[in-house]
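**Student:** The following block contains the structure, expressed as structure tokens.
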Amino acid sequence: MNLDTALRWVSEHPPAQTPKKYGCARWRHVIHESEQFELCRFTHNGQFGAWLREPVSSTG
């Protein structure tokens, strides 16, 4: 999932949720601290972007 899309959705649904509720300044920090997702950063044609996904299990 595109990180910007996910962050936009989280900030809109439900609006009572805020990063401060989780002790963080930004949603990106909440995602990182949760350890529930793997954040994949990339550059394409000079544009920076990020995707997140569920971590790949090492216990296959």
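Just so we're on the same page: first chain in the structure tokens is A, next is B, and so on; residues restart at 1 for each chain, and ligands are numbered from 1 in the order they show up.
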Write out as a PyMOL selection string which residues come within 12 Å of Asp4 in chain A when counting only C-alpha atoms, dropping same-chain ones fewer than 6 positions away.
**Tutor:** chain A and resi 10-11+27-28+39+41+48-52
**Student:** Considering only C-alpha atoms, return as a list in words whatever protein or nucleic-acid residues lie within 9 Å of Glu54 in chain A, sequence-local ones (same chain, fewer than 2 positions apart) excluded.
**Tutor:**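 The filter keeps Gln36, Phe37, Glu38, Leu39, Leu52, Val56 and Ser57 of chain A.
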**Student:** Using DSSP assignments from the backbone, pull out every residue in chain A that falls under strand (DSSP E) and give it to me as a list in words.
**Tutor:**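 Those residues are Glu38, Leu39, Cys40, Arg41, Phe42, Thr43, His44, Gln47, Phe48, Gly49, Ala50, Trp51, Leu52 and Arg53 of chain A.
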**Student:** From a DSSP calculation on the backbone, collect every residue of range 9-49 of chain A in alpha helix (DSSP H) and output the set as a count of residues only.
**Tutor:** 12
**Student:** Between A:Arg53, A:His32, A:Tyr22, A:Gly46, which residue has the minimum interatomic distance to Asn2 in chain A, considering only C-alpha atoms?
**Tutor:**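 Closest candidate: A:Arg53.
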